[in-house]
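The file entry.cif comes next; it holds mmCIF, C-alpha atoms.
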data_upload
loop_
_atom_site.label_atom_id
_atom_site.label_comp_id
_atom_site.auth_asym_id
_atom_site.auth_seq_id
_atom_site.Cartn_x
_atom_site.Cartn_y
_atom_site.Cartn_z
CA MET V 1 -26.56 53.58 -62.46
CA ARG V 2 -23.83 51.60 -60.75
CA ILE V 3 -24.53 50.37 -57.20
CA TYR V 4 -21.74 50.57 -54.61
CA ASN V 5 -22.16 48.38 -51.54
CA CYS V 6 -19.70 50.10 -49.22
CA HIS V 7 -19.63 47.50 -46.44
CA THR V 8 -19.16 43.77 -47.06
CA HIS V 9 -16.99 40.88 -45.79
CA ILE V 10 -15.96 37.74 -47.63
CA PHE V 11 -13.45 36.10 -45.23
CA ASN V 12 -14.29 32.51 -44.32
CA PHE V 13 -13.84 30.55 -41.10
CA ALA V 14 -10.28 29.59 -42.01
CA CYS V 15 -9.37 33.26 -41.49
CA ALA V 16 -11.06 33.57 -38.10
CA PRO V 17 -9.96 32.19 -34.73
CA ASN V 18 -12.40 30.10 -32.70
CA GLY V 19 -13.07 33.12 -30.48
CA PHE V 20 -14.67 34.91 -33.42
CA LEU V 21 -17.82 32.86 -32.78
CA SER V 22 -17.95 33.80 -29.09
CA ASN V 23 -20.16 36.81 -29.71
CA PHE V 24 -22.73 34.59 -31.37
CA ILE V 25 -22.80 31.32 -29.42
CA GLY V 26 -20.92 32.14 -26.20
CA ARG V 27 -17.26 31.71 -25.22
CA VAL V 28 -17.40 28.04 -24.22
CA GLY V 29 -19.57 27.09 -27.18
CA ALA V 30 -17.30 29.00 -29.55
CA GLN V 31 -14.20 27.09 -28.42
CA ILE V 32 -15.93 23.71 -28.74
CA VAL V 33 -17.71 24.42 -32.02
CA GLY V 34 -14.67 26.18 -33.46
CA ARG V 35 -12.39 23.19 -32.89
CA LEU V 36 -14.95 20.75 -34.27
CA LEU V 37 -15.55 22.83 -37.38
CA ARG V 38 -11.86 22.54 -38.24
CA VAL V 39 -12.39 18.78 -38.73
CA LYS V 40 -13.69 18.39 -42.28
CA TRP V 41 -15.67 15.17 -41.78
CA LEU V 42 -17.51 16.75 -38.81
CA ARG V 43 -18.63 19.89 -40.65
CA ARG V 44 -21.75 18.45 -42.28
CA PRO V 45 -23.27 16.87 -39.12
CA LEU V 46 -22.24 19.85 -37.01
CA ASN V 47 -23.80 22.30 -39.46
CA TRP V 48 -26.99 20.20 -39.35
CA LEU V 49 -26.98 20.41 -35.56
CA ILE V 50 -26.41 24.19 -35.59
CA ASP V 51 -29.32 24.53 -38.01
CA HIS V 52 -31.68 22.73 -35.62
CA LEU V 53 -30.74 23.90 -32.13
CA PRO V 54 -32.90 26.87 -31.00
CA PHE V 55 -30.00 28.93 -29.61
CA THR V 56 -27.75 28.51 -32.69
CA LYS V 57 -30.26 28.20 -35.54
CA LYS V 58 -30.17 31.91 -36.30
CA TYR V 59 -26.45 31.66 -37.12
CA ALA V 60 -26.60 28.45 -39.16
CA ALA V 61 -26.30 30.09 -42.60
CA LEU V 62 -23.42 32.27 -41.43
CA VAL V 63 -21.50 29.27 -40.07
CA GLN V 64 -22.29 27.10 -43.08
CA VAL V 65 -21.01 29.65 -45.58
CA GLY V 66 -17.99 30.44 -43.44
CA THR V 67 -16.96 26.80 -43.17
CA SER V 68 -17.86 25.40 -46.58
CA LYS V 69 -16.96 28.07 -49.12
CA SER V 70 -13.78 29.71 -50.33
CA MET V 71 -13.49 33.49 -50.28
CA SER V 72 -14.06 33.59 -54.05
CA GLU V 73 -17.25 31.57 -53.59
CA VAL V 74 -18.44 33.88 -50.80
CA TYR V 75 -17.80 36.90 -53.04
CA GLU V 76 -19.55 35.30 -56.01
CA GLY V 77 -22.54 34.39 -53.85
CA LEU V 78 -22.80 38.00 -52.71
CA ALA V 79 -22.45 39.42 -56.23
CA SER V 80 -25.09 37.05 -57.59
CA HIS V 81 -27.77 39.06 -55.76
CA TYR V 82 -26.89 42.33 -57.49
CA PRO V 83 -26.99 43.72 -61.04
CA GLU V 84 -23.88 43.11 -63.12
CA GLY V 85 -21.27 45.80 -62.51
CA THR V 86 -22.12 46.38 -58.84
CA ALA V 87 -19.02 47.26 -56.82
CA PHE V 88 -18.31 45.94 -53.33
CA ALA V 89 -16.05 47.41 -50.66
CA VAL V 90 -14.58 44.21 -49.20
CA LEU V 91 -13.38 44.83 -45.65
CA THR V 92 -10.60 42.63 -44.32
CA LEU V 93 -10.30 42.03 -40.57
CA ASN V 94 -7.12 41.38 -38.59
CA PHE V 95 -8.01 38.85 -35.88
CA ASP V 96 -4.38 38.17 -34.94
CA HIS V 97 -4.43 40.45 -31.87
CA MET V 98 -7.85 39.79 -30.30
CA ALA V 99 -6.58 37.04 -27.97
CA ALA V 100 -9.00 34.52 -29.47
CA GLY V 101 -6.49 31.93 -30.59
CA GLN V 102 -4.70 31.47 -33.88
CA ALA V 103 -6.72 30.98 -37.06
CA PRO V 104 -5.46 28.46 -39.64
CA ALA V 105 -5.07 31.38 -42.05
CA ASP V 106 -3.45 34.39 -40.41
CA PHE V 107 -4.06 37.97 -41.49
CA ASN V 108 -1.35 37.98 -44.15
CA THR V 109 -2.92 34.88 -45.68
CA GLN V 110 -6.32 36.56 -45.62
CA LEU V 111 -4.85 39.52 -47.53
CA ARG V 112 -3.36 37.21 -50.14
CA LEU V 113 -6.71 35.46 -50.62
CA VAL V 114 -8.54 38.78 -50.96
CA GLN V 115 -6.03 39.92 -53.56
CA GLU V 116 -6.76 36.74 -55.52
CA VAL V 117 -10.44 37.69 -55.60
CA LYS V 118 -9.44 41.22 -56.64
CA ARG V 119 -7.43 39.87 -59.57
CA LYS V 120 -10.44 37.81 -60.63
CA TYR V 121 -12.86 40.74 -60.35
CA PRO V 122 -10.62 43.81 -60.77
CA ASP V 123 -13.35 46.35 -61.47
CA ASP V 124 -15.92 45.33 -58.87
CA CYS V 125 -13.96 44.04 -55.86
CA LEU V 126 -12.67 47.00 -53.81
CA PRO V 127 -10.61 45.68 -50.86
CA PHE V 128 -9.92 47.64 -47.66
CA LEU V 129 -6.73 46.96 -45.71
CA CYS V 130 -7.39 46.36 -42.01
CA ILE V 131 -4.95 48.19 -39.73
CA ASP V 132 -4.38 47.19 -36.11
CA PRO V 133 -2.02 49.52 -34.21
CA ARG V 134 -0.60 46.58 -32.22
CA ALA V 135 0.67 44.89 -35.39
CA ALA V 136 3.67 47.23 -35.83
CA SER V 137 5.21 50.51 -34.72
CA ARG V 138 3.93 53.95 -35.71
CA GLU V 139 6.71 54.30 -38.30
CA GLU V 140 6.18 50.80 -39.70
CA LEU V 141 2.42 51.27 -40.06
CA GLY V 142 2.95 54.65 -41.68
CA ALA V 143 5.38 53.10 -44.16
CA LEU V 144 2.94 50.25 -44.85
CA VAL V 145 0.18 52.71 -45.72
CA GLU V 146 2.61 54.78 -47.83
CA ARG V 147 3.53 51.68 -49.86
CA THR V 148 0.06 50.23 -50.14
CA PHE V 149 -1.57 53.47 -51.23
CA ASP V 150 1.18 54.69 -53.51
CA PRO V 151 -0.62 55.15 -56.87
CA ALA V 152 2.35 53.54 -58.62
CA ALA V 153 2.13 50.41 -56.45
CA ARG V 154 -1.21 49.21 -57.86
CA SER V 155 -1.83 47.14 -54.75
CA GLY V 156 -5.54 46.86 -55.44
CA PHE V 157 -6.53 48.21 -52.01
CA VAL V 158 -8.75 51.28 -52.07
CA GLY V 159 -9.31 51.98 -48.36
CA ILE V 160 -8.45 51.26 -44.72
CA LYS V 161 -10.51 49.29 -42.21
CA LEU V 162 -10.42 49.82 -38.43
CA TYR V 163 -12.11 47.59 -35.86
CA PRO V 164 -11.38 49.19 -32.46
CA SER V 165 -13.32 46.72 -30.30
CA LEU V 166 -10.64 44.14 -31.11
CA GLY V 167 -8.64 45.97 -28.46
CA PHE V 168 -7.59 49.58 -29.17
CA PHE V 169 -8.74 53.19 -29.21
CA PRO V 170 -8.95 54.91 -32.61
CA PHE V 171 -6.49 57.56 -31.39
CA HIS V 172 -3.84 54.95 -30.53
CA PRO V 173 -0.39 56.57 -30.95
CA ASN V 174 0.59 54.04 -33.63
CA LEU V 175 -2.24 55.23 -35.88
CA GLU V 176 -1.01 58.82 -36.19
CA LYS V 177 0.97 58.35 -39.39
CA VAL V 178 -1.75 56.12 -40.84
CA TYR V 179 -4.19 59.04 -40.57
CA GLN V 180 -1.56 61.46 -41.86
CA VAL V 181 -1.09 59.53 -45.09
CA ALA V 182 -4.80 58.77 -45.45
CA GLU V 183 -5.76 62.43 -45.12
CA ALA V 184 -3.11 63.58 -47.59
CA ARG V 185 -4.14 61.05 -50.23
CA GLY V 186 -7.89 61.05 -49.61
CA ILE V 187 -7.90 57.37 -48.66
CA PRO V 188 -11.29 56.34 -47.21
CA ILE V 189 -11.30 54.78 -43.74
CA MET V 190 -14.13 52.53 -42.55
CA SER V 191 -14.41 52.03 -38.78
CA HIS V 192 -16.78 49.72 -36.95
CA CYS V 193 -19.13 51.80 -34.77
CA THR V 194 -21.89 49.78 -33.15
CA ARG V 195 -22.03 47.89 -29.87
CA ALA V 196 -22.66 44.64 -31.75
CA GLY V 197 -19.78 42.72 -33.28
CA VAL V 198 -16.60 40.91 -32.24
CA TYR V 199 -14.29 42.12 -29.51
CA PHE V 200 -11.09 41.42 -27.58
CA VAL V 201 -11.92 38.23 -25.71
CA LYS V 202 -9.22 37.64 -23.07
CA GLU V 203 -10.71 38.25 -19.62
CA PRO V 204 -9.87 39.98 -17.44
CA MET V 205 -8.54 42.59 -19.81
CA ASP V 206 -5.18 44.16 -19.02
CA PRO V 207 -6.11 47.39 -17.18
CA GLY V 208 -3.58 49.27 -19.29
CA MET V 209 -5.56 48.48 -22.43
CA ALA V 210 -8.57 50.34 -21.07
CA GLN V 211 -6.63 53.58 -20.49
CA PRO V 212 -7.16 56.12 -23.30
CA VAL V 213 -3.61 56.99 -24.42
CA SER V 214 -3.77 59.31 -27.42
CA PHE V 215 -1.48 60.72 -30.10
CA ASN V 216 -3.40 63.99 -29.64
CA PRO V 217 -1.71 65.85 -26.75
CA ALA V 218 -4.68 68.19 -26.33
CA PRO V 219 -7.93 66.37 -27.17
CA PRO V 220 -11.19 68.37 -27.18
CA LYS V 221 -12.88 68.94 -23.82
CA ARG V 222 -15.79 66.81 -25.05
CA VAL V 223 -13.47 63.82 -25.29
CA LYS V 224 -11.82 64.41 -21.91
CA ASP V 225 -15.20 64.77 -20.21
CA ARG V 226 -16.39 61.55 -21.83
CA HIS V 227 -13.39 59.64 -20.55
CA ASN V 228 -14.15 60.77 -17.00
CA GLU V 229 -17.58 59.12 -17.10
CA ASP V 230 -18.11 55.93 -15.10
CA GLN V 231 -18.29 53.72 -18.20
CA TYR V 232 -14.61 54.45 -18.84
CA ARG V 233 -13.46 53.36 -15.38
CA TYR V 234 -11.82 49.96 -15.41
CA HIS V 235 -13.35 47.37 -13.11
CA ARG V 236 -11.89 43.88 -13.04
CA LYS V 237 -15.34 42.30 -13.03
CA ARG V 238 -16.61 44.25 -16.02
CA LYS V 239 -17.07 42.08 -19.08
CA ASN V 240 -15.04 42.74 -22.21
CA ALA V 241 -18.24 43.17 -24.19
CA ASP V 242 -18.83 46.34 -22.16
CA LEU V 243 -15.24 47.55 -21.85
CA CYS V 244 -14.72 47.23 -25.61
CA ASP V 245 -17.61 49.61 -26.22
CA ASN V 246 -15.27 52.30 -24.92
CA PHE V 247 -12.94 51.65 -27.84
CA LEU V 248 -15.84 52.12 -30.26
CA ASP V 249 -17.41 55.23 -28.71
CA PRO V 250 -17.93 57.75 -31.57
CA VAL V 251 -16.85 60.62 -29.30
CA ASN V 252 -13.30 59.27 -29.58
CA TYR V 253 -13.12 60.37 -33.20
CA LEU V 254 -13.37 64.00 -32.19
CA ALA V 255 -9.79 63.63 -30.91
CA VAL V 256 -8.73 62.18 -34.27
CA LEU V 257 -10.52 64.80 -36.35
CA ALA V 258 -9.11 67.63 -34.23
CA MET V 259 -5.71 66.76 -35.71
CA PHE V 260 -6.86 65.48 -39.10
CA PRO V 261 -9.94 67.58 -39.95
CA ARG V 262 -10.12 66.54 -43.61
CA LEU V 263 -9.81 62.81 -42.91
CA LYS V 264 -12.20 60.73 -45.01
CA LEU V 265 -13.85 58.58 -42.36
CA CYS V 266 -16.98 56.43 -42.28
CA LEU V 267 -18.42 55.43 -38.88
CA ALA V 268 -20.15 52.23 -39.88
CA HIS V 269 -23.65 51.09 -38.91
CA TYR V 270 -24.82 54.62 -37.88
CA GLY V 271 -24.26 53.60 -34.26
CA GLY V 272 -26.49 50.52 -34.57
CA ASP V 273 -30.17 49.76 -34.93
CA ASP V 274 -30.63 49.54 -31.15
CA GLU V 275 -29.30 53.09 -30.76
CA MET V 276 -31.54 54.37 -33.56
CA ARG V 277 -34.59 52.59 -32.21
CA VAL V 278 -34.58 54.36 -28.82
CA PRO V 279 -33.91 58.10 -29.23
CA LYS V 280 -31.84 59.73 -26.45
CA ASP V 281 -32.18 63.22 -25.06
CA GLY V 282 -29.78 66.06 -25.84
CA VAL V 283 -28.18 65.87 -22.40
CA HIS V 284 -27.22 62.20 -22.76
CA PRO V 285 -27.06 61.51 -26.51
CA GLY V 286 -26.63 57.98 -27.78
CA TRP V 287 -24.21 56.85 -30.45
CA TYR V 288 -26.69 57.55 -33.24
CA GLU V 289 -27.21 61.12 -32.04
CA ILE V 290 -23.47 61.66 -31.52
CA ILE V 291 -22.71 60.56 -35.08
CA ARG V 292 -25.59 62.53 -36.56
CA ASP V 293 -25.25 65.76 -34.56
CA GLU V 294 -21.54 65.98 -33.68
CA LEU V 295 -19.68 64.18 -36.47
CA LEU V 296 -21.76 64.50 -39.65
CA VAL V 297 -21.43 68.28 -39.58
CA LYS V 298 -19.77 70.95 -41.72
CA ASP V 299 -16.72 71.10 -39.43
CA HIS V 300 -15.96 67.54 -40.56
CA PRO V 301 -16.57 67.69 -44.32
CA ASN V 302 -15.38 64.15 -45.09
CA VAL V 303 -17.08 62.16 -42.33
CA TYR V 304 -19.71 59.61 -43.39
CA THR V 305 -21.79 56.85 -41.90
CA ASP V 306 -23.25 53.72 -43.46
CA ILE V 307 -26.41 51.76 -42.82
CA SER V 308 -24.85 48.32 -43.09
CA TYR V 309 -26.88 45.65 -41.37
CA THR V 310 -28.86 48.42 -39.65
CA LEU V 311 -31.15 48.46 -42.69
CA ALA V 312 -32.18 44.87 -41.91
CA TYR V 313 -34.72 46.31 -39.43
CA ASP V 314 -37.53 48.16 -41.13
CA ASP V 315 -38.61 49.93 -37.95
CA ILE V 316 -35.58 52.23 -38.23
CA TRP V 317 -36.04 53.05 -41.91
CA LYS V 318 -38.00 56.13 -40.88
CA ASN V 319 -34.91 57.52 -39.14
CA ILE V 320 -32.86 57.16 -42.29
CA GLN V 321 -35.56 58.67 -44.47
CA GLU V 322 -35.88 61.64 -42.14
CA ASP V 323 -32.11 62.18 -42.06
CA LEU V 324 -31.95 62.11 -45.86
CA LYS V 325 -34.18 65.21 -45.88
CA ASP V 326 -31.42 67.20 -44.18
CA PRO V 327 -29.12 68.77 -46.84
CA GLU V 328 -25.93 68.05 -44.88
CA LEU V 329 -26.79 64.53 -43.72
CA ARG V 330 -28.00 63.65 -47.21
CA LYS V 331 -24.42 63.86 -48.48
CA ARG V 332 -22.99 61.65 -45.73
CA ILE V 333 -24.97 58.39 -45.69
CA LEU V 334 -23.67 55.34 -47.56
CA PHE V 335 -25.34 52.10 -48.60
CA GLY V 336 -23.89 48.88 -47.21
CA THR V 337 -25.24 45.56 -45.97
CA ASP V 338 -22.46 43.95 -43.86
CA HIS V 339 -22.60 40.70 -45.80
CA PHE V 340 -22.16 38.03 -44.64
CA MET V 341 -23.63 38.97 -41.26
CA THR V 342 -26.87 39.39 -43.20
CA LEU V 343 -27.01 35.60 -43.56
CA LYS V 344 -28.45 35.51 -40.03
CA GLU V 345 -31.65 37.08 -41.33
CA PRO V 346 -34.64 35.20 -42.82
CA PHE V 347 -34.31 36.87 -46.24
CA THR V 348 -31.77 36.96 -49.02
CA GLU V 349 -29.27 39.73 -49.72
CA ARG V 350 -31.35 40.72 -52.76
CA GLN V 351 -34.53 40.94 -50.71
CA LEU V 352 -32.69 42.99 -48.09
CA TYR V 353 -31.61 45.79 -50.38
CA GLU V 354 -34.57 45.70 -52.78
CA ARG V 355 -37.07 46.15 -49.94
CA PHE V 356 -35.09 49.10 -48.67
CA GLN V 357 -34.64 50.55 -52.15
CA ALA V 358 -38.40 50.44 -52.74
CA ARG V 359 -39.06 52.20 -49.45
CA LEU V 360 -36.55 55.00 -50.16
CA GLY V 361 -37.50 55.73 -53.74
CA GLN V 362 -35.09 56.17 -56.64
CA ALA V 363 -33.69 59.61 -55.76
CA ASP V 364 -32.66 58.69 -52.21
CA TRP V 365 -31.44 55.27 -53.31
CA GLU V 366 -29.20 56.78 -55.98
CA GLN V 367 -27.87 59.28 -53.42
CA ILE V 368 -26.67 56.67 -50.93
CA SER V 369 -25.69 53.84 -53.28
CA ASN V 370 -23.97 55.88 -55.99
CA THR V 371 -23.46 59.63 -55.50
CA ASN V 372 -22.19 59.54 -51.91
CA ALA V 373 -20.32 56.29 -52.41
CA LYS V 374 -18.32 57.59 -55.37
CA ARG V 375 -17.30 60.68 -53.41
CA TYR V 376 -16.28 58.56 -50.41
CA LEU V 377 -14.33 55.94 -52.36
CA THR V 378 -12.48 58.22 -54.77
CA SER V 379 -8.89 58.99 -53.77
CA ASP V 380 -5.39 59.33 -55.20
CA VAL V 381 -5.35 55.56 -55.82
CA TYR V 382 -8.92 54.92 -57.01
CA ALA V 383 -11.41 56.90 -59.08
CA ALA V 384 -14.94 55.56 -58.69
CA PRO V 385 -16.52 55.50 -62.18
#
Output the file's structure in the form of structure tokens.
Amino acid sequence: MRIYNCHTHIFNFACAPNGFLSNFIGRVGAQIVGRLLRVKWLRRPLNWLIDHLPFTKKYAALVQVGTSKSMSEVYEGLASHYPEGTAFAVLTLNFDHMAAGQAPADFNTQLRLVQEVKRKYPDDCLPFLCIDPRAASREELGALVERTFDPAARSGFVGIKLYPSLGFFPFHPNLEKVYQVAEARGIPIMSHCTRAGVYFVKEPMDPGMAQPVSFNPAPPKRVKDRHNEDQYRYHRKRKNADLCDNFLDPVNYLAVLAMFPRLKLCLAHYGGDDEMRVPKDGVHPGWYEIIRDELLVKDHPNVYTDISYTLAYDDIWKNIQEDLKDPELRKRILFGTDHFMTLKEPFTERQLYERFQARLGQADWEQISNTNAKRYLTSDVYAAP
């Protein structure tokens, strides 16, 4: 049986602006450490320091890999933990519009480097093209997706990645044609959907960014009601970490799916381990409940979630096991780890998935790591074997 890890990253620090580290070691620390890590002769002593300071030690492995290895080396390190023939959905990220400074390697360079890894491992490396609606117009983005996912183009990309907390709503007007092409061709979309992660860092945020402007002229009442809640009201003193949660809110996808009901969409991380750990009531559901009860339903036949990084915490395994007993949910959950974020944890990638595999048992493991993954990944441009 072939394993499909549906959520991984292999970009290194050359592809990320200094602000990328702000979510892990604070804004000031990120700017200082980021600049110093660009100086080659300082990397070794700085990595030693990060490994020994209490407030940065947890992120030492992540920083060390990101600063010392090429993308091919990161990919090979990931693959070394899995049986031969394992396939990895490699998710690119466009950091060019998050107001965190300019990375040495911009997004186009990142894409070129990923394609080099794809050429080296054509059967197992499955790249996703990150789309940011601020990068181009609606027509230009639609044309980009048309070209990239034209079966005759053989671009190597098999899916689309969205990361809304970098500064946009998933129903941004410039995404309309992206969804149109993706739905028509069965292209899988993977969207970040947990409160943890990176986000638009310029503070205060432009108030206009926080206003939900949609390509859907008549979004569902559920969406409109949500946007009238206090959390959606812009306050100058609110931190971006909180405002950017509005971009990620899973309720937003109801507006997208109302226009593109057969869209193949994965809401990554199942809302997050923190949301799964503390169940919410039916009146005020959390992100986990919204994904499970409002999005992974028969009205949305091609919506999935994954358990990337969430599976690092064994106290939420029971939630996943219970959900796998439900006939509808059983078809919608994908295996993923979120490498290389997993490097923060005190166990290897192999230990991470093997512990979880043992807990699930072979039938459930095969369901999430093979059966569901093949259905999700297969499209007009890629047939998962």
**OP:** Could you tell me how far CA of Arg226 in chain V lies from CA of Asp96 in chain V, in Å and to one decimal?
**Re:** 29.4 Å
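Against this structure, the PyMOL selection byres ((chain V and resi 307-309) around 7) ends up with His7, Ala268, His269, Tyr270, Thr305, Asp306, Thr310, Leu311, Ala312, Leu334, Phe335, Gly336, Thr337, Asp338 and Thr342 of chain V.
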Original post:
In terms of the shortest atom-to-atom distance over only C-alpha atoms, which of V:Ile291, V:Ile10, V:Leu175, V:Ala153 is closest to Asp380 in chain V?
Top reply: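 Residue with the minimum atom-to-atom distance to Asp380 in chain V: V:Ala153.
Proximity to Gly77 in chain V was assessed for V:Val381, V:Ala89, V:Val251, V:Leu343 counting only C-alpha atoms; the smallest distance is recorded for V:Leu343.
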Original post:
For Pro173 in chain V, which of V:Tyr199, V:Phe215, V:Phe149, V:Tyr234 is the closest residue, counting all atoms listed in the file?
Top reply: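 Using all atoms listed in the file, Pro173 in chain V sits closest to V:Phe215.
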Box dimensions and centre (Å, one decimal) enclosing range 171-183 of chain V, axis-aligned, 3 Å extra per side, as JSON:
{"center_x": -2.8, "center_y": 58.2, "center_z": -38.0, "size_x": 13.5, "size_y": 14.4, "size_z": 20.9}
**OP:** Have a look at CA of Gly282 in chain V and CA of Phe356 in chain V and let me know their distance in Å, one decimal.
**Re:** 28.9 Å
Original post:
Rounded to one decimal in Å, what is the spacing between CA of Lys161 in chain V and CA of Lys264 in chain V?
Top reply: 11.9 Å
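You can rank V:Lys344, V:Arg277, V:Arg332, V:Arg233 by their closest distance to Asn319 in chain V using only C-alpha atoms, and at the top of that list sits V:Arg277.
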**OP:** Kindly resolve the PyMOL selection byres ((chain V and resi 236-239) around 10) on the present coordinates and return the residues as JSON, numbers by chain.
**Re:** {"V": [201, 202, 203, 204, 205, 206, 207, 231, 233, 234, 235, 240, 241, 242, 243, 244]}
**OP:** Could you give me, as a ChimeraX atom specification, the residues within 8 Å of Val117 in chain V, counting all atoms listed in the file and dropping anything in the same chain fewer than 6 positions from it?
**Re:** /V:71-72,75,125
**OP:** For each of V:Val278, V:Leu257, V:Ala105, V:Val114, take the minimum atom-to-atom distance to Leu295 in chain V, counting only C-alpha atoms, then give the residue where this is smallest.
**Re:**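 The answer is V:Leu257, which sits nearest to Leu295 in chain V.
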Subject >> Closest of V:Pro122, V:Leu296, V:Cys130, V:Val223 to His9 in chain V - atom-to-atom distances counting all atoms listed in the file >> reply: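 Nearest candidate to His9 in chain V out of V:Pro122, V:Leu296, V:Cys130, V:Val223: V:Cys130.
This file gives the following result for the PyMOL selection byres ((chain V and resi 129) around 8): V:Leu91, V:Thr92, V:Leu93, V:Leu111, V:Pro127, V:Phe128, V:Cys130, V:Ile131, V:Phe157, V:Val158, V:Gly159, V:Ile160, V:Lys161.
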Original post:
Contacts of Pro279 in chain V at 12 Å or less, counting all atoms listed in the file, minus same-chain residues fewer than 3 places along, as a list in words?
Top reply: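 So, after excluding close chain neighbours, the residues are Gly271, Gly272, Asp273, Asp274, Glu275, Met276, Gly282, Val283, His284, Pro285, Gly286, Trp287, Tyr288, Glu289, Ile290, Arg292, Ile316 and Asn319 of chain V.
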Let me see the file: selected residues, C-alpha atoms, as a JSON list (two decimals), in the frame of the given file.
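Contents of the output file out_27.json:
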[["chain", "number", "residue", "atom", "x", "y", "z"],
["V", 271, "GLY", "CA", -24.26, 53.60, -34.26],
["V", 272, "GLY", "CA", -26.49, 50.52, -34.57],
["V", 273, "ASP", "CA", -30.17, 49.76, -34.93],
["V", 274, "ASP", "CA", -30.63, 49.54, -31.15],
["V", 275, "GLU", "CA", -29.30, 53.09, -30.76],
["V", 276, "MET", "CA", -31.54, 54.37, -33.56],
["V", 282, "GLY", "CA", -29.78, 66.06, -25.84],
["V", 283, "VAL", "CA", -28.18, 65.87, -22.40],
["V", 284, "HIS", "CA", -27.22, 62.20, -22.76],
["V", 285, "PRO", "CA", -27.06, 61.51, -26.51],
["V", 286, "GLY", "CA", -26.63, 57.98, -27.78],
["V", 287, "TRP", "CA", -24.21, 56.85, -30.45],
["V", 288, "TYR", "CA", -26.69, 57.55, -33.24],
["V", 289, "GLU", "CA", -27.21, 61.12, -32.04],
["V", 290, "ILE", "CA", -23.47, 61.66, -31.52],
["V", 292, "ARG", "CA", -25.59, 62.53, -36.56],
["V", 316, "ILE", "CA", -35.58, 52.23, -38.23],
["V", 319, "ASN", "CA", -34.91, 57.52, -39.14]]
**OP:** Find the residues near range 371-379 of chain V: any atom within 9 Å, counting all atoms listed in the file, skip ones fewer than 2 places away on the same chain, and give them as an MDAnalysis selection string.
**Re:** chainID V and resid 3:6 89 158:159 185:188 264:266 302:304 330:335 366:369 381:385
**OP:** Considering all atoms listed in the file, return as a PyMOL selection string whatever protein or nucleic-acid residues lie within 7 Å of Gly85 in chain V, sequence-local ones (same chain, fewer than 2 positions apart) excluded.
**Re:** chain V and resi 2+83+87+124
Could you model N, CA and C atoms for range 372-384 of chain V and present them as a PDB file, in the frame of the given file?
ATOM      1  N   ASN V 372     -23.024  59.428 -53.114  1.00  0.00           N
ATOM      2  CA  ASN V 372     -22.190  59.540 -51.910  1.00  0.00           C
ATOM      3  C   ASN V 372     -21.044  58.538 -51.925  1.00  0.00           C
ATOM      4  N   ALA V 373     -21.335  57.343 -52.394  1.00  0.00           N
ATOM      5  CA  ALA V 373     -20.320  56.290 -52.410  1.00  0.00           C
ATOM      6  C   ALA V 373     -19.140  56.658 -53.302  1.00  0.00           C
ATOM      7  N   LYS V 374     -19.402  57.215 -54.461  1.00  0.00           N
ATOM      8  CA  LYS V 374     -18.320  57.590 -55.370  1.00  0.00           C
ATOM      9  C   LYS V 374     -17.437  58.670 -54.752  1.00  0.00           C
ATOM     10  N   ARG V 375     -18.066  59.621 -54.069  1.00  0.00           N
ATOM     11  CA  ARG V 375     -17.300  60.680 -53.410  1.00  0.00           C
ATOM     12  C   ARG V 375     -16.437  60.096 -52.288  1.00  0.00           C
ATOM     13  N   TYR V 376     -16.996  59.178 -51.527  1.00  0.00           N
ATOM     14  CA  TYR V 376     -16.280  58.560 -50.410  1.00  0.00           C
ATOM     15  C   TYR V 376     -15.115  57.701 -50.899  1.00  0.00           C
ATOM     16  N   LEU V 377     -15.325  56.920 -51.926  1.00  0.00           N
ATOM     17  CA  LEU V 377     -14.330  55.940 -52.360  1.00  0.00           C
ATOM     18  C   LEU V 377     -13.212  56.540 -53.209  1.00  0.00           C
ATOM     19  N   THR V 378     -13.470  57.646 -53.879  1.00  0.00           N
ATOM     20  CA  THR V 378     -12.480  58.220 -54.770  1.00  0.00           C
ATOM     21  C   THR V 378     -11.323  58.840 -53.993  1.00  0.00           C
ATOM     22  N   SER V 379     -10.102  58.526 -54.445  1.00  0.00           N
ATOM     23  CA  SER V 379      -8.890  58.990 -53.770  1.00  0.00           C
ATOM     24  C   SER V 379      -7.762  59.098 -54.793  1.00  0.00           C
ATOM     25  N   ASP V 380      -6.544  59.295 -54.309  1.00  0.00           N
ATOM     26  CA  ASP V 380      -5.390  59.330 -55.200  1.00  0.00           C
ATOM     27  C   ASP V 380      -5.122  57.982 -55.858  1.00  0.00           C
ATOM     28  N   VAL V 381      -5.645  56.876 -55.276  1.00  0.00           N
ATOM     29  CA  VAL V 381      -5.350  55.560 -55.820  1.00  0.00           C
ATOM     30  C   VAL V 381      -6.552  54.918 -56.524  1.00  0.00           C
ATOM     31  N   TYR V 382      -7.738  55.510 -56.388  1.00  0.00           N
ATOM     32  CA  TYR V 382      -8.920  54.920 -57.010  1.00  0.00           C
ATOM     33  C   TYR V 382      -9.914  56.012 -57.382  1.00  0.00           C
ATOM     34  N   ALA V 383     -10.388  55.965 -58.607  1.00  0.00           N
ATOM     35  CA  ALA V 383     -11.410  56.900 -59.080  1.00  0.00           C
ATOM     36  C   ALA V 383     -12.671  56.113 -59.357  1.00  0.00           C
ATOM     37  N   ALA V 384     -13.691  56.301 -58.529  1.00  0.00           N
ATOM     38  CA  ALA V 384     -14.940  55.560 -58.690  1.00  0.00           C
ATOM     39  C   ALA V 384     -15.647  56.016 -59.962  1.00  0.00           C
TER      40      ALA V 384
END
